[in-house]
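Participant: Take a look at protein_15.txt, compact mmCIF, C-alpha atoms and all ligand atoms:
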# COMPACT_ATOMS: atom_id res chain seq x y z
CA MET A 858 0.00 0.00 0.00
CA GLN A 859 2.76 2.39 1.03
CA LEU A 860 4.80 1.45 -2.04
CA SER A 861 1.92 2.17 -4.45
CA LEU A 862 1.34 5.53 -2.75
CA LEU A 863 5.04 6.33 -3.15
CA ILE A 864 4.91 5.39 -6.84
CA ILE A 865 1.85 7.62 -7.40
CA LEU A 866 3.47 10.53 -5.55
CA THR A 867 6.56 10.20 -7.73
CA LEU A 868 4.74 9.61 -11.01
CA ILE A 869 2.38 12.60 -10.84
CA PRO A 870 5.02 15.33 -10.35
CA GLY A 871 7.31 13.40 -12.72
CA PHE A 872 4.65 13.53 -15.43
CA PHE A 873 4.24 17.31 -15.06
CA ILE A 874 8.00 17.91 -15.07
CA PHE A 875 8.30 15.74 -18.21
CA LEU A 876 5.46 17.71 -19.88
CA TRP A 877 7.07 21.03 -18.93
CA ILE A 878 10.45 19.97 -20.38
CA LEU A 879 8.77 18.65 -23.53
CA LEU A 880 6.83 21.89 -24.07
CA SER A 881 9.99 23.95 -23.43
CA ILE A 882 11.87 22.01 -26.09
CA ILE A 883 9.03 22.17 -28.65
CA GLY A 884 8.55 25.90 -27.96
CA LYS A 885 12.26 26.61 -28.59
CA PHE A 886 12.14 25.12 -32.09
CA HIS A 887 8.53 25.86 -33.03
CA PRO A 888 7.16 28.77 -30.99
CA PHE A 889 3.35 28.65 -30.78
CA PRO A 890 0.64 30.59 -28.90
CA VAL A 891 -0.53 28.98 -25.69
CA PRO A 892 -3.89 27.21 -26.32
CA SER A 893 -6.87 29.32 -25.31
CA PHE A 894 -8.17 26.74 -22.79
CA MET A 895 -5.17 27.78 -20.66
CA GLY A 896 -6.77 31.22 -20.29
CA LYS A 897 -8.64 30.27 -17.11
CA TYR A 898 -5.43 29.02 -15.47
CA LEU A 899 -3.48 32.12 -16.52
CA ASP A 900 -6.11 34.42 -15.05
CA SER A 901 -5.94 32.97 -11.56
CA ASN A 902 -5.56 34.46 -8.12
CA TYR A 903 -3.01 31.74 -7.22
CA ARG A 904 -0.80 33.01 -10.05
CA ARG A 905 -1.21 36.59 -8.86
CA ILE A 906 0.27 35.51 -5.50
CA ILE A 907 3.55 34.74 -7.33
CA GLN A 908 3.16 37.52 -9.88
CA ASN A 909 1.77 40.40 -7.89
CA PRO A 910 0.04 42.83 -10.31
CA ASN A 911 1.13 45.88 -8.29
CA LYS A 912 4.77 44.85 -8.53
CA LEU A 913 4.39 44.29 -12.26
CA ILE A 914 2.84 47.76 -12.62
CA GLU A 915 5.59 49.38 -10.54
CA ARG A 916 8.44 47.58 -12.32
CA SER A 917 6.95 48.38 -15.71
CA CYS A 918 6.60 52.08 -14.78
CA ILE A 919 2.89 52.07 -15.58
CA THR A 920 1.52 55.33 -14.20
CA GLU A 921 -1.60 57.49 -14.38
CA GLY A 922 -2.55 58.96 -17.73
CA LYS A 923 -0.37 56.66 -19.87
CA ARG A 924 -1.53 55.30 -23.17
CA VAL A 925 -0.56 51.65 -22.93
CA LEU A 926 -0.54 48.63 -25.20
CA GLU A 927 -0.60 45.14 -23.72
CA ALA A 928 0.81 42.83 -26.39
CA GLY A 929 -0.51 39.27 -25.96
CA CYS A 930 -3.02 40.07 -23.23
CA GLY A 931 -4.44 36.53 -23.19
CA SER A 932 -7.40 36.24 -20.84
CA GLY A 933 -6.35 39.47 -19.11
CA ALA A 934 -4.72 38.35 -15.87
CA PHE A 935 -3.28 41.84 -15.39
CA THR A 936 -5.26 44.03 -17.80
CA ASN A 937 -7.85 45.42 -15.38
CA TYR A 938 -5.17 46.17 -12.75
CA VAL A 939 -3.26 48.15 -15.38
CA ALA A 940 -6.45 49.93 -16.47
CA LYS A 941 -6.99 51.07 -12.86
CA ALA A 942 -3.35 52.20 -12.61
CA VAL A 943 -3.54 54.42 -15.71
CA GLY A 944 -6.92 55.78 -14.54
CA ASN A 945 -9.55 57.66 -16.50
CA LYS A 946 -6.99 59.80 -18.30
CA GLY A 947 -5.12 56.74 -19.55
CA LYS A 948 -6.03 53.98 -21.98
CA VAL A 949 -5.14 50.29 -22.27
CA TYR A 950 -5.24 48.59 -25.67
CA ALA A 951 -5.33 44.83 -25.11
CA LEU A 952 -4.10 42.99 -28.18
CA ASP A 953 -4.05 39.26 -28.78
CA ILE A 954 -3.75 37.03 -31.81
CA GLN A 955 -6.42 34.62 -30.52
CA ASP A 956 -10.12 35.49 -30.55
CA LYS A 957 -10.82 32.92 -27.84
CA MET A 958 -8.40 34.61 -25.44
CA LEU A 959 -9.97 38.03 -26.10
CA GLU A 960 -13.41 36.53 -25.57
CA GLN A 961 -12.38 35.45 -22.04
CA LEU A 962 -11.22 38.97 -21.28
CA ARG A 963 -14.43 40.41 -22.74
CA MET A 964 -16.52 38.16 -20.47
CA LYS A 965 -14.41 39.13 -17.47
CA LEU A 966 -14.93 42.84 -18.17
CA MET A 967 -18.68 42.29 -18.26
CA ARG A 968 -18.64 41.13 -14.62
CA PHE A 969 -20.28 43.39 -12.06
CA GLU A 970 -17.03 44.11 -10.19
CA ASN A 971 -15.47 45.49 -13.40
CA ARG A 972 -18.40 47.73 -14.34
CA ASP A 973 -16.41 50.93 -13.75
CA ILE A 974 -13.56 49.97 -16.08
CA LYS A 975 -14.16 51.83 -19.31
CA ASN A 976 -10.63 52.41 -20.59
CA ILE A 977 -9.75 48.96 -22.00
CA PHE A 978 -10.01 48.45 -25.76
CA LEU A 979 -9.77 44.89 -27.10
CA ILE A 980 -7.98 44.33 -30.38
CA LYS A 981 -7.51 41.12 -32.34
CA GLY A 982 -4.16 41.19 -34.11
CA ASP A 983 -0.57 40.12 -34.47
CA ILE A 984 2.01 42.24 -32.66
CA CYS A 985 4.38 41.69 -35.59
CA LYS A 986 2.10 43.74 -37.85
CA THR A 987 -0.35 46.15 -36.26
CA SER A 988 -2.35 48.98 -37.77
CA PHE A 989 -1.33 51.53 -35.12
CA LYS A 990 0.32 54.72 -36.31
CA ASP A 991 3.98 55.48 -35.53
CA ASP A 992 4.60 56.81 -32.00
CA SER A 993 1.12 55.82 -30.72
CA PHE A 994 1.98 54.61 -27.20
CA ASP A 995 3.76 55.77 -24.07
CA LEU A 996 4.33 52.19 -23.00
CA VAL A 997 4.05 48.62 -24.32
CA TYR A 998 4.15 45.68 -21.94
CA MET A 999 4.18 41.94 -22.45
CA VAL A 1000 3.90 39.15 -19.93
CA ALA A 1001 5.11 35.70 -20.99
CA VAL A 1002 4.63 36.50 -24.68
CA LEU A 1003 7.88 37.33 -26.49
CA GLN A 1004 9.20 33.76 -26.69
CA GLU A 1005 5.89 32.54 -28.14
CA ILE A 1006 6.35 34.66 -31.23
CA PRO A 1007 8.20 32.88 -34.05
CA ASP A 1008 9.82 36.13 -35.25
CA GLY A 1009 10.56 37.98 -32.01
CA LYS A 1010 12.69 40.60 -33.75
CA LYS A 1011 9.83 41.53 -36.08
CA ALA A 1012 7.54 41.97 -33.07
CA LEU A 1013 10.11 44.13 -31.27
CA LEU A 1014 10.68 46.34 -34.32
CA GLU A 1015 6.93 46.81 -34.66
CA ILE A 1016 6.73 47.74 -30.96
CA LYS A 1017 9.55 50.21 -31.49
CA ARG A 1018 7.67 51.78 -34.39
CA ILE A 1019 4.44 52.28 -32.45
CA LEU A 1020 6.15 53.51 -29.27
CA LYS A 1021 6.78 57.23 -28.80
CA PRO A 1022 10.45 58.28 -28.62
CA GLU A 1023 11.64 57.53 -25.08
CA GLY A 1024 8.60 55.27 -24.66
CA ILE A 1025 8.89 52.22 -22.44
CA LEU A 1026 8.90 48.54 -23.34
CA ALA A 1027 8.40 46.30 -20.28
CA VAL A 1028 8.97 42.57 -20.71
CA THR A 1029 7.92 40.33 -17.83
CA GLU A 1030 8.76 36.63 -17.67
CA PHE A 1031 8.10 34.00 -15.05
CA ILE A 1032 9.38 30.50 -14.65
CA PRO A 1033 6.29 28.25 -14.72
CA ASP A 1034 6.00 29.36 -18.36
CA PRO A 1035 7.64 26.64 -20.50
CA ASP A 1036 8.95 29.42 -22.82
CA TYR A 1037 10.68 31.22 -19.93
CA PRO A 1038 13.90 32.95 -21.08
CA ARG A 1039 16.75 33.99 -18.80
CA LYS A 1040 17.28 37.70 -18.17
CA SER A 1041 20.33 37.74 -20.45
CA THR A 1042 18.29 36.30 -23.35
CA THR A 1043 15.60 38.97 -23.02
CA ILE A 1044 18.19 41.76 -22.79
CA LYS A 1045 20.09 40.49 -25.84
CA GLN A 1046 16.92 40.14 -27.89
CA CYS A 1047 15.55 43.61 -27.06
CA GLU A 1048 18.92 45.34 -27.46
CA ALA A 1049 19.32 43.68 -30.89
CA ALA A 1050 16.07 45.41 -31.90
CA GLY A 1051 17.46 48.78 -30.83
CA PHE A 1052 16.04 49.19 -27.33
CA ILE A 1053 18.14 50.50 -24.45
CA LEU A 1054 17.99 48.64 -21.14
CA ASP A 1055 16.74 50.92 -18.38
CA LYS A 1056 16.31 48.56 -15.43
CA ILE A 1057 15.76 44.92 -14.66
CA GLU A 1058 13.94 44.04 -11.46
CA GLY A 1059 12.68 40.91 -9.75
CA SER A 1060 14.01 37.46 -9.08
CA PHE A 1061 15.25 34.69 -11.35
CA ILE A 1062 11.76 33.17 -11.44
CA ASN A 1063 9.81 36.38 -12.02
CA TYR A 1064 11.39 39.47 -13.49
CA THR A 1065 10.57 42.58 -15.49
CA ALA A 1066 13.09 44.05 -17.89
CA ARG A 1067 12.35 47.65 -18.78
CA PHE A 1068 13.69 49.20 -21.96
CA ILE A 1069 13.55 52.63 -23.55
CA LYS A 1070 13.04 53.42 -27.20
CA PRO A 1071 15.86 55.82 -28.05
CA ASP A 1072 14.72 59.15 -29.47
CA PHE A 1073 17.23 58.58 -32.21
CA ASP A 1074 16.74 55.56 -34.53
CA PHE A 1075 20.12 54.23 -35.65
CA GLU A 1076 18.47 51.57 -37.85
CA LYS A 1077 16.57 54.19 -39.88
CA LEU A 1078 19.75 56.24 -40.23
CA GLU A 1079 21.70 53.25 -41.54
CA GLN A 1080 19.09 52.47 -44.26
C1 LIG B 1 1.39 32.69 -22.27
S1 LIG B 1 0.08 33.70 -22.84
C2 LIG B 1 0.21 35.04 -21.71
C3 LIG B 1 -1.04 35.85 -21.67
C4 LIG B 1 -1.00 37.03 -20.70
N1 LIG B 1 0.02 37.98 -21.07
C5 LIG B 1 -0.75 36.54 -19.31
O1 LIG B 1 0.37 36.74 -18.78
O2 LIG B 1 -1.66 35.92 -18.75
C6 LIG B 1 0.71 34.45 -24.33
C7 LIG B 1 -0.34 35.18 -25.13
O3 LIG B 1 0.30 35.83 -26.23
C8 LIG B 1 -0.54 35.70 -27.37
N2 LIG B 1 0.27 35.83 -28.58
C9 LIG B 1 1.19 34.95 -29.06
N3 LIG B 1 1.72 35.41 -30.19
C10 LIG B 1 1.15 36.62 -30.43
C11 LIG B 1 1.29 37.58 -31.47
N4 LIG B 1 2.14 37.40 -32.49
N5 LIG B 1 0.55 38.72 -31.40
C12 LIG B 1 -0.32 38.91 -30.38
N6 LIG B 1 -0.50 38.02 -29.38
C13 LIG B 1 0.22 36.89 -29.40
C14 LIG B 1 -1.18 34.35 -27.20
O4 LIG B 1 -2.36 34.22 -27.96
C15 LIG B 1 -1.42 34.28 -25.70
O5 LIG B 1 -2.67 34.76 -25.35
Starting from the file, lay out its structure as structure tokens.
Ligand SMILES: C[S@@+](CC[C@H](N)C(=O)[O-])C[C@H]1O[C@@H](n2cnc3c(N)ncnc32)[C@H](O)[C@@H]1O

Facilitator:
Amino acid sequence: MQLSLLIILTLIPGFFIFLWILLSIIGKFHPFPVPSFMGKYLDSNYRRIIQNPNKLIERSCITEGKRVLEAGCGSGAFTNYVAKAVGNKGKVYALDIQDKMLEQLRMKLMRFENRDIKNIFLIKGDICKTSFKDDSFDLVYMVAVLQEIPDGKKALLEIKRILKPEGILAVTEFIPDPDYPRKSTTIKQCEAAGFILDKIEGSFINYTARFIKPDFDFEKLEQ
């Protein structure tokens, strides 16, 4: 009896660790968007114990009045917290490539407790190719998204285009995500797209790297 219990207790975590490693490997070679059924797990209070929304907001420099884009908002685990932080004078554009993720956020915003939130605008689209004008946003943030995009550089160049000069790009990553990249990977990737590292805060398992769009575009100059 005790032996079978021991086997079960070893097999269950072992299965999840195996799955996590498998998804990490697949994601490295063939990045893909997380399936939409994961939306309900992403938007969970247990997760927000590890990834405190207020810390994310503080580390990303999200403040009142900012015009913000959330790239890859998913089911909106942090979107309404950000909407409250930017207040009535600010706006949050929540963009995702999957309709089914946006639908979960739409349903959430219809709940009674969110009735006062009027500054979130849902957009279906690919962050690699948006229809926003140049210099549209004060800040773009992404949580557990960048490594899911097959052409990360294209996404970052598009973000640079739609950010105002000296606008902020905040990239947050956390370790339960099978696509989790180390801090050095995120820095290298964003610097290669022309962003300047401002600050990196948080632990190994949950960090936010904040970058600035220079007010001088070397890439355009070199063309
Ligand atoms: C791991 S989920 C994270 C969702 C949300 N940021 C969160 O932390 O709960 C990544 C999200 O990015 C979206 N995504 C992936 N590639 C994208 C792209 N090219 N453009 C826009 N959204 C994308 C996926 O559909 C998915 O909802």

Participant: Let me see if you get this right: every residue at most 8 Å from ligand LIG 1 (chain B), counting only C-alpha atoms and all ligand atoms, written as a PyMOL selection string.

Facilitator: chain A and resi 889-893+896+899-900+927-935+952-955+958+981-985+999-1003+1005-1007+1012+1034

Participant: Store the residues of this selection in a file with C-alpha atoms, as a PDB file, in the frame of the given file.

Facilitator:
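The new file again.pdb reads:
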ATOM      1  CA  PHE A 889       3.350  28.650 -30.780  1.00  0.00           C
ATOM      2  CA  PRO A 890       0.640  30.590 -28.900  1.00  0.00           C
ATOM      3  CA  VAL A 891      -0.530  28.980 -25.690  1.00  0.00           C
ATOM      4  CA  PRO A 892      -3.890  27.210 -26.320  1.00  0.00           C
ATOM      5  CA  SER A 893      -6.870  29.320 -25.310  1.00  0.00           C
ATOM      6  CA  GLY A 896      -6.770  31.220 -20.290  1.00  0.00           C
ATOM      7  CA  LEU A 899      -3.480  32.120 -16.520  1.00  0.00           C
ATOM      8  CA  ASP A 900      -6.110  34.420 -15.050  1.00  0.00           C
ATOM      9  CA  GLU A 927      -0.600  45.140 -23.720  1.00  0.00           C
ATOM     10  CA  ALA A 928       0.810  42.830 -26.390  1.00  0.00           C
ATOM     11  CA  GLY A 929      -0.510  39.270 -25.960  1.00  0.00           C
ATOM     12  CA  CYS A 930      -3.020  40.070 -23.230  1.00  0.00           C
ATOM     13  CA  GLY A 931      -4.440  36.530 -23.190  1.00  0.00           C
ATOM     14  CA  SER A 932      -7.400  36.240 -20.840  1.00  0.00           C
ATOM     15  CA  GLY A 933      -6.350  39.470 -19.110  1.00  0.00           C
ATOM     16  CA  ALA A 934      -4.720  38.350 -15.870  1.00  0.00           C
ATOM     17  CA  PHE A 935      -3.280  41.840 -15.390  1.00  0.00           C
ATOM     18  CA  LEU A 952      -4.100  42.990 -28.180  1.00  0.00           C
ATOM     19  CA  ASP A 953      -4.050  39.260 -28.780  1.00  0.00           C
ATOM     20  CA  ILE A 954      -3.750  37.030 -31.810  1.00  0.00           C
ATOM     21  CA  GLN A 955      -6.420  34.620 -30.520  1.00  0.00           C
ATOM     22  CA  MET A 958      -8.400  34.610 -25.440  1.00  0.00           C
ATOM     23  CA  LYS A 981      -7.510  41.120 -32.340  1.00  0.00           C
ATOM     24  CA  GLY A 982      -4.160  41.190 -34.110  1.00  0.00           C
ATOM     25  CA  ASP A 983      -0.570  40.120 -34.470  1.00  0.00           C
ATOM     26  CA  ILE A 984       2.010  42.240 -32.660  1.00  0.00           C
ATOM     27  CA  CYS A 985       4.380  41.690 -35.590  1.00  0.00           C
ATOM     28  CA  MET A 999       4.180  41.940 -22.450  1.00  0.00           C
ATOM     29  CA  VAL A1000       3.900  39.150 -19.930  1.00  0.00           C
ATOM     30  CA  ALA A1001       5.110  35.700 -20.990  1.00  0.00           C
ATOM     31  CA  VAL A1002       4.630  36.500 -24.680  1.00  0.00           C
ATOM     32  CA  LEU A1003       7.880  37.330 -26.490  1.00  0.00           C
ATOM     33  CA  GLU A1005       5.890  32.540 -28.140  1.00  0.00           C
ATOM     34  CA  ILE A1006       6.350  34.660 -31.230  1.00  0.00           C
ATOM     35  CA  PRO A1007       8.200  32.880 -34.050  1.00  0.00           C
ATOM     36  CA  ALA A1012       7.540  41.970 -33.070  1.00  0.00           C
ATOM     37  CA  ASP A1034       6.000  29.360 -18.360  1.00  0.00           C
TER      38      ASP A1034
END

Participant: Would you mind listing what lies within 10 Å of Leu913 of chain A as a list in words, with all atoms listed in the file counted and same-chain residues fewer than 2 positions away left out?

Facilitator: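 Listing them by chain and then by number gives Gln908, Asn909, Pro910, Asn911, Glu915, Arg916, Ser917, Cys918, Ile919, Phe935, Tyr938, Val939, Tyr998, Val1000, Ala1027, Val1028, Thr1029, Glu1058, Gly1059, Asn1063, Tyr1064 and Thr1065 of chain A.
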
Participant: List as JSON, numbers by chain the protein and nucleic acid residues near Asn976 of chain A, meaning an atom at most 7 Å away when all atoms listed in the file are counted, but skip any in the same chain fewer than 4 places from it.

Facilitator: {"A": [940, 945, 948, 949]}

Participant: List as number ranges by chain the protein and nucleic acid residues near Leu1020 of chain A, meaning an atom at most 7 Å away when only C-alpha atoms are counted, but skip any in the same chain fewer than 3 places from it.

Facilitator: A: 991-996, 1016-1017, 1024

Participant: Got a sec: who's within 8 Å of Asp1055 of chain A, counting only C-alpha atoms, leaving out chain neighbours fewer than 2 positions off, as a PyMOL selection string?

Facilitator: chain A and resi 1053+1057+1066-1069

Participant: Just the residues within 6 Å of Val943 of chain A, please, counting all atoms listed in the file, with nothing from its chain fewer than 3 positions along; format it as a PyMOL selection string.

Facilitator: chain A and resi 920-923+940+947

Participant: When you draw a straight line from atom CA of Leu962 of chain A to atom CA of Asn937 of chain A, how long is it in Å?

Facilitator: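 Straight-line distance from atom CA of Leu962 of chain A to atom CA of Asn937 of chain A works out to 9.4 Å.
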
Participant: What does the structure give for the distance between atom CA of Ile1062 of chain A and atom CA of Trp877 of chain A, in Å to one decimal?

Facilitator: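 If I compute the distance from atom CA of Ile1062 of chain A to atom CA of Trp877 of chain A, I get 15.0 Å.
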
Participant: I'd like the interatomic distance between atom CA of Gly1051 of chain A and atom CA of Val997 of chain A, to a tenth of an Å.

Facilitator: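 We find that atom CA of Gly1051 of chain A and atom CA of Val997 of chain A lie 14.9 Å from each other.
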
Participant: Tell me which of A:Val925, A:Gln961, A:Leu863, A:Leu876 sits closest to Lys897 of chain A, counting all atoms listed in the file.

Facilitator: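 Closest residue, counting all atoms listed in the file: A:Gln961.
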
Participant: Which is closest to Tyr1037 of chain A among A:Ile1025, A:Arg972, A:Leu862, A:Ser881, if we use only C-alpha atoms?

Facilitator: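 Result for the nearest residue to Tyr1037 of chain A: A:Ser881.
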
Participant: Given 5 Å on each side, where is the centre and what are the edge lengths in Å to one decimal of the axis-aligned box enclosing the listed atoms of segment 922-939 of chain A, as AutoDock Vina command-line options?

Facilitator:
--center_x -3.5 --center_y 47.6 --center_z -19.6 --size_x 18.7 --size_y 32.7 --size_z 23.6

Participant: Give the answer as one residue: which of A:Leu979, A:Tyr903, A:Pro1071, A:Glu1048 has the shortest atom-to-atom distance to Pro1022 of chain A, using only C-alpha atoms?

Facilitator: A:Pro1071
